[in-house]
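Just final.cif here, mmCIF, C-alpha atoms:
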data_coords
#
loop_
_atom_site.label_atom_id
_atom_site.label_comp_id
_atom_site.auth_asym_id
_atom_site.auth_seq_id
_atom_site.Cartn_x
_atom_site.Cartn_y
_atom_site.Cartn_z
CA MET A 1 -23.51 -80.52 -63.43
CA GLN A 2 -20.83 -78.03 -62.41
CA ILE A 3 -21.06 -75.19 -59.90
CA ASN A 4 -18.67 -72.25 -60.02
CA TRP A 5 -17.79 -72.06 -56.34
CA THR A 6 -16.19 -68.61 -56.51
CA LEU A 7 -19.25 -67.12 -58.23
CA LEU A 8 -21.52 -68.87 -55.73
CA MET A 9 -19.50 -67.37 -52.87
CA TYR A 10 -19.88 -63.85 -54.29
CA VAL A 11 -23.64 -64.34 -54.60
CA VAL A 12 -23.96 -65.70 -51.04
CA ILE A 13 -21.79 -62.92 -49.56
CA ILE A 14 -23.80 -60.19 -51.31
CA TYR A 15 -27.12 -61.78 -50.34
CA PHE A 16 -26.15 -62.11 -46.67
CA GLY A 17 -24.80 -58.56 -46.75
CA ILE A 18 -28.17 -57.25 -47.97
CA VAL A 19 -29.99 -59.25 -45.29
CA GLY A 20 -27.56 -57.94 -42.66
CA PHE A 21 -28.21 -54.38 -43.84
CA SER A 22 -31.91 -54.75 -43.04
CA ARG A 23 -31.33 -56.59 -39.73
CA GLY A 24 -28.51 -54.50 -38.29
CA TRP A 25 -25.29 -55.53 -36.62
CA TRP A 26 -26.67 -57.06 -33.38
CA ARG A 27 -28.80 -59.73 -35.01
CA GLU A 28 -26.01 -60.60 -37.43
CA ALA A 29 -23.51 -60.78 -34.56
CA VAL A 30 -25.55 -63.56 -32.93
CA PHE A 31 -25.19 -65.67 -36.09
CA THR A 32 -21.48 -64.78 -36.36
CA GLY A 33 -20.89 -66.12 -32.86
CA PHE A 34 -22.62 -69.41 -33.63
CA LEU A 35 -20.64 -69.83 -36.86
CA ALA A 36 -17.40 -69.16 -34.97
CA ILE A 37 -18.27 -72.04 -32.64
CA LEU A 38 -18.66 -74.37 -35.65
CA ILE A 39 -15.28 -73.17 -36.97
CA LEU A 40 -13.76 -73.91 -33.56
CA LEU A 41 -15.15 -77.46 -33.74
CA LEU A 42 -13.68 -77.89 -37.24
CA GLN A 43 -10.33 -76.75 -35.90
CA ASN A 44 -10.59 -79.20 -32.97
CA PRO A 45 -12.11 -82.51 -34.21
CA ASP A 46 -11.71 -84.10 -30.76
CA TRP A 47 -14.03 -81.48 -29.30
CA ALA A 48 -16.49 -82.14 -32.11
CA GLN A 49 -16.31 -85.87 -31.35
CA ASN A 50 -17.01 -85.24 -27.65
CA LEU A 51 -19.95 -82.98 -28.50
CA ILE A 52 -21.61 -85.61 -30.72
CA ASP A 53 -20.89 -88.32 -28.14
CA GLY A 54 -22.67 -86.19 -25.55
CA ILE A 55 -25.65 -85.62 -27.85
CA ASN A 56 -25.82 -89.35 -28.61
CA SER A 57 -25.77 -90.14 -24.88
CA VAL A 58 -28.72 -87.81 -24.30
CA ILE A 59 -30.61 -89.37 -27.23
CA ALA A 60 -29.97 -92.87 -25.86
CA ALA A 61 -31.15 -91.85 -22.37
CA VAL A 62 -34.34 -90.25 -23.68
CA TRP A 63 -34.95 -93.13 -26.11
CA SER A 64 -35.15 -95.63 -23.26
CA TYR A 65 -38.25 -93.86 -21.91
CA ILE A 66 -40.09 -93.57 -25.23
CA PRO A 67 -42.76 -96.20 -26.05
CA THR A 68 -41.72 -98.73 -28.70
CA GLY A 69 -44.57 -97.77 -31.02
CA PHE A 70 -43.36 -94.17 -31.17
CA THR A 71 -39.72 -95.13 -31.73
CA ASN A 72 -40.81 -97.25 -34.71
CA VAL A 73 -42.54 -94.19 -36.19
CA VAL A 74 -39.36 -92.13 -35.69
CA ASN A 75 -37.18 -94.80 -37.28
CA ASN A 76 -39.53 -95.09 -40.26
CA GLY A 77 -39.51 -91.31 -40.67
CA LEU A 78 -35.70 -91.18 -40.62
CA THR A 79 -35.58 -93.94 -43.23
CA ASN A 80 -38.22 -92.44 -45.54
CA PHE A 81 -37.26 -88.76 -45.38
CA PHE A 82 -33.51 -88.79 -44.66
CA ALA A 83 -32.45 -92.23 -45.99
CA ILE A 84 -31.06 -93.06 -42.53
CA THR A 85 -31.33 -96.74 -41.65
CA THR A 86 -31.87 -97.49 -37.97
CA ARG A 87 -32.88 -100.51 -35.93
CA SER A 88 -36.18 -100.50 -34.08
CA ASP A 89 -34.54 -101.76 -30.86
CA THR A 90 -31.70 -99.20 -30.79
CA PRO A 91 -31.81 -95.39 -30.65
CA PHE A 92 -30.78 -93.21 -33.56
CA GLN A 93 -27.19 -92.03 -33.17
CA PHE A 94 -25.37 -89.24 -35.02
CA ASP A 95 -22.17 -90.11 -36.84
CA PRO A 96 -19.58 -87.42 -35.95
CA GLY A 97 -17.65 -88.14 -39.15
CA ALA A 98 -20.63 -87.75 -41.49
CA PRO A 99 -21.20 -84.38 -43.20
CA GLU A 100 -24.97 -84.91 -42.86
CA THR A 101 -24.67 -84.71 -39.07
CA TRP A 102 -23.07 -81.30 -39.21
CA PHE A 103 -25.46 -80.01 -41.84
CA ILE A 104 -28.30 -80.86 -39.43
CA ILE A 105 -26.49 -79.01 -36.62
CA LEU A 106 -25.85 -76.05 -38.93
CA GLY A 107 -29.55 -75.92 -39.83
CA ILE A 108 -30.56 -76.03 -36.16
CA ILE A 109 -28.12 -73.23 -35.33
CA MET A 110 -29.50 -71.05 -38.13
CA ILE A 111 -33.03 -71.56 -36.82
CA ILE A 112 -31.97 -70.75 -33.23
CA ALA A 113 -30.14 -67.59 -34.33
CA PHE A 114 -33.20 -66.51 -36.33
CA ILE A 115 -35.54 -67.07 -33.37
CA ILE A 116 -33.24 -65.20 -30.97
CA GLY A 117 -33.11 -62.24 -33.32
CA ARG A 118 -36.88 -62.14 -33.86
CA LEU A 119 -38.30 -62.90 -30.42
CA THR A 120 -35.79 -61.28 -28.06
CA PHE A 121 -34.89 -58.20 -30.10
CA ASN A 122 -37.33 -55.66 -31.49
CA TYR A 123 -35.15 -52.59 -32.11
CA GLN A 124 -34.58 -50.91 -35.46
CA PRO A 125 -31.02 -50.27 -36.70
CA THR A 126 -29.84 -46.76 -37.44
CA GLY A 127 -27.90 -45.94 -40.62
CA LEU A 128 -24.55 -46.93 -39.11
CA GLY A 129 -26.13 -50.01 -37.57
CA LYS A 130 -27.25 -51.07 -41.05
CA VAL A 131 -23.78 -50.52 -42.51
CA LEU A 132 -22.23 -52.61 -39.75
CA GLY A 133 -24.97 -55.20 -40.33
CA PHE A 134 -24.03 -55.35 -44.01
CA ALA A 135 -20.37 -55.98 -43.10
CA LEU A 136 -21.21 -58.69 -40.57
CA GLY A 137 -23.78 -60.23 -42.90
CA ALA A 138 -21.23 -60.45 -45.73
CA LEU A 139 -18.76 -62.02 -43.29
CA ASN A 140 -21.42 -64.51 -42.21
CA GLY A 141 -21.99 -65.45 -45.85
CA TYR A 142 -18.29 -66.16 -46.28
CA PHE A 143 -18.12 -68.14 -43.03
CA LEU A 144 -21.25 -70.15 -43.89
CA LEU A 145 -20.17 -71.19 -47.37
CA SER A 146 -16.64 -71.95 -46.13
CA ILE A 147 -18.06 -74.19 -43.41
CA VAL A 148 -20.24 -75.94 -46.01
CA ARG A 149 -17.11 -76.51 -48.12
CA GLU A 150 -15.32 -78.07 -45.16
CA TYR A 151 -18.30 -80.33 -44.43
CA LEU A 152 -18.43 -81.49 -48.05
CA ASP A 153 -14.70 -82.08 -48.06
CA GLY A 154 -14.83 -83.88 -44.72
CA ARG A 155 -11.12 -83.67 -43.96
CA ALA A 156 -11.70 -81.72 -40.72
CA LEU A 157 -14.47 -83.96 -39.37
CA PRO A 158 -13.71 -86.44 -36.58
CA GLY A 159 -12.03 -89.59 -37.87
CA GLN A 160 -12.35 -88.66 -41.55
CA GLY A 161 -10.08 -87.86 -44.46
CA THR A 162 -10.72 -86.24 -47.81
CA ALA A 163 -10.52 -89.46 -49.78
CA ALA A 164 -12.85 -91.37 -47.47
CA VAL A 165 -15.60 -88.78 -47.67
CA ALA A 166 -15.24 -88.02 -51.36
CA ALA A 167 -15.72 -91.69 -52.20
CA SER A 168 -19.25 -91.67 -50.77
CA SER A 169 -20.26 -88.12 -51.65
CA GLU A 170 -22.49 -86.99 -54.52
CA ILE A 171 -20.64 -83.67 -54.68
CA SER A 172 -17.04 -83.38 -55.80
CA LEU A 173 -14.91 -80.35 -54.94
CA VAL A 174 -12.46 -79.56 -57.72
CA GLY A 175 -9.92 -76.81 -58.23
CA SER A 176 -7.77 -76.67 -55.11
CA SER A 177 -4.55 -78.47 -54.31
CA SER A 178 -6.14 -80.22 -51.31
CA PHE A 179 -8.58 -82.15 -53.51
CA GLY A 180 -8.02 -85.04 -55.85
CA PRO A 181 -9.25 -85.41 -59.44
CA PRO A 182 -13.03 -85.37 -59.94
CA ASP A 183 -14.91 -88.66 -59.88
CA PRO A 184 -16.84 -89.06 -63.16
CA SER A 185 -19.68 -90.79 -61.30
CA VAL A 186 -20.59 -87.86 -59.05
CA ALA A 187 -23.76 -85.89 -59.70
CA ILE A 188 -22.41 -82.41 -58.95
CA GLN A 189 -18.93 -80.94 -59.26
CA ALA A 190 -17.92 -77.70 -57.58
CA VAL A 191 -15.20 -76.05 -59.67
CA ASN A 192 -13.07 -72.91 -59.48
CA LEU A 193 -12.48 -73.17 -55.74
CA PRO A 194 -10.07 -70.68 -54.10
CA ASP A 195 -6.60 -72.05 -53.38
CA PHE A 196 -7.01 -71.30 -49.66
CA THR A 197 -9.67 -72.54 -47.24
CA LEU A 198 -11.11 -71.34 -43.97
CA LEU A 199 -8.84 -73.72 -42.05
CA ASP A 200 -5.56 -72.55 -43.60
CA SER A 201 -2.86 -70.95 -41.46
CA VAL A 202 -4.16 -68.38 -38.95
CA ILE A 203 -7.47 -67.77 -40.77
CA PRO A 204 -9.58 -70.01 -38.47
CA TRP A 205 -8.18 -68.40 -35.33
CA MET A 206 -8.91 -64.94 -36.75
CA ALA A 207 -12.49 -66.08 -37.45
CA ILE A 208 -12.82 -67.54 -33.95
CA GLY A 209 -11.44 -64.32 -32.48
CA VAL A 210 -13.98 -62.24 -34.41
CA GLY A 211 -16.76 -64.55 -33.23
CA ALA A 212 -15.66 -64.29 -29.60
CA PHE A 213 -15.49 -60.49 -29.86
CA VAL A 214 -18.96 -60.10 -31.38
CA LEU A 215 -20.49 -62.54 -28.86
CA PHE A 216 -19.03 -60.42 -26.08
CA ALA A 217 -20.47 -57.32 -27.78
CA VAL A 218 -23.87 -59.02 -28.10
CA PHE A 219 -24.13 -59.70 -24.37
CA ASN A 220 -22.34 -56.58 -23.16
CA THR A 221 -24.47 -54.16 -25.20
CA ARG A 222 -27.78 -55.94 -24.55
CA TYR A 223 -27.59 -57.03 -20.92
CA GLY A 224 -26.16 -55.51 -17.77
CA LEU A 225 -26.28 -55.89 -14.00
CA GLU A 226 -27.74 -53.25 -11.74
CA THR A 227 -28.30 -53.08 -8.00
CA ASP A 228 -31.69 -52.76 -6.42
CA LYS A 229 -32.10 -52.07 -2.70
CA ALA A 230 -35.09 -54.37 -2.47
CA GLN A 231 -34.07 -57.19 -4.85
CA GLY A 232 -30.28 -56.89 -4.92
CA TRP A 233 -28.57 -57.63 -8.25
CA LYS A 234 -30.76 -58.06 -11.30
CA ILE A 235 -30.25 -58.27 -15.05
CA LYS A 236 -31.21 -55.20 -17.04
CA THR A 237 -31.79 -55.15 -20.80
CA LYS A 238 -30.35 -52.28 -22.83
CA VAL A 239 -30.70 -50.87 -26.32
CA PRO A 240 -27.48 -51.74 -28.21
CA PRO A 241 -25.55 -48.94 -29.92
CA PHE A 242 -26.75 -47.94 -33.40
CA TYR A 243 -30.30 -49.10 -32.70
CA LYS A 244 -33.40 -47.12 -31.82
CA GLN A 245 -36.43 -47.97 -29.76
CA PRO A 246 -39.47 -48.77 -31.94
CA LYS A 247 -43.08 -48.39 -30.97
CA PRO A 248 -43.98 -51.12 -28.46
CA ASP A 249 -45.56 -54.20 -30.01
CA LYS A 250 -48.53 -55.95 -28.52
CA LYS A 251 -47.46 -59.12 -26.72
CA PRO A 252 -48.32 -62.29 -28.67
CA GLU A 253 -51.34 -63.86 -27.03
CA THR A 254 -52.07 -66.68 -29.46
CA PRO A 255 -49.94 -69.03 -31.61
CA GLU A 256 -51.05 -66.99 -34.64
CA ASP A 257 -49.67 -63.80 -33.06
CA LEU A 258 -46.37 -65.54 -32.35
CA ILE A 259 -46.07 -66.71 -35.97
CA LYS A 260 -46.81 -63.20 -37.23
CA LYS A 261 -44.06 -61.78 -35.00
CA LEU A 262 -41.56 -64.32 -36.30
CA PHE A 263 -42.22 -63.68 -39.97
CA LYS A 264 -43.40 -60.10 -40.16
#
Structure translated into structure tokens:
Amino acid sequence: MQINWTLLMYVVIIYFGIVGFSRGWWREAVFTGFLAILILLLQNPDWAQNLIDGINSVIAAVWSYIPTGFTNVVNNGLTNFFAITTRSDTPFQFDPGAPETWFIILGIIMIIAFIIGRLTFNYQPTGLGKVLGFALGALNGYFLLSIVREYLDGRALPGQGTAAVAASSEISLVGSSSFGPPDPSVAIQAVNLPDFTLLDSVIPWMAIGVGAFVLFAVFNTRYGLETDKAQGWKIKTKVPPFYKQPKPDKKPETPEDLIKKLFK
């Protein structure tokens, strides 16, 4: 099976642009900031290694307090659902050089960004806010698929090279000078890739700069400090530019209300 990567990128960019148009620029900016952090980790594999080492240390510390019966259930679940083999007497540890690790992190980040946008932000974008949301959404689509490409390639992951990852991957990336010839045994081949990648030249630093700028805008336009004679300094929430105040929603009182707010 072959996938036209360029066509896929156009579809993803347009889809994310449409989603961004309905969500507005602020919600999309949260996701842009998270994606910029992942790009920064791709650009600095040592930082990525240290991050995973820290996560593994936390897992090991927590694992030592979990009853053995429960750890066996977790290990069996990892084996059955994710094909991850673990020992019952040792905690699960992420491999910083495995694409699967970073796909899990990417999925978690997408969920966090979605929750932040739904639970902490209830304003409606104006016309200009929607246009800016479309632009940021399209940019997020490009960033997301480019990050996925780098994870599949594996060359920017800690301790990995293109050849080492491609040998064990079920997806082959074909069509750019940085990749070797396709392996006939792979299940999926991605063809017609652009000749440049997200990590070429100054492109990653431009993406990181955009992410840093929008994260600053997210916090600066949403939160501020004000003085109060009785309480001193306190954080005040604001309505970001190009958004309008909707009718107040009833606070979720039950789990069902919370689910409705997330997916309405």
**9 Å contact set for range 207-219 of chain A, all atoms listed in the file, chain neighbours under 5 positions out, as a ChimeraX atom specification** = /A:26-27,29-37,39-40,143,198,202,224,240
**Request:** For Glu150 in chain A, work out the shell of residues within 9 Å, counting all atoms listed in the file and skipping chain neighbours fewer than 3 positions away, then give it as a ChimeraX atom specification.
**Result:** /A:42,99,145-147,153-157,197-199
**Hits from the PyMOL selection byres ((chain A and resi 125-129) around 9), listed as a ChimeraX atom specification** = /A:21-26,123-124,130-134,241-244
**Request:** Go through A:Tyr65, A:Trp233, A:Tyr223, A:Phe92 one by one, measure the shortest atom-to-atom distance of each to Phe121 in chain A using all atoms listed in the file, and give the residue with the smallest value.
**Result:** A:Tyr223
**Fill in**
A straight line from CA of Leu193 in chain A to CA of Trp5 in chain A spans 5.5 Å
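Restricting the calculation to all atoms listed in the file, the smallest distance between Thr71 in chain A and any of A:Gly20, A:Gly54, A:Pro91, A:Pro194 is found for A:Pro91.
Of the residues under consideration (A:Leu225, A:Val58, A:Val148, A:Val191), A:Val148 shows the shortest atom-to-atom contact distance to Leu38 in chain A when counting only C-alpha atoms.
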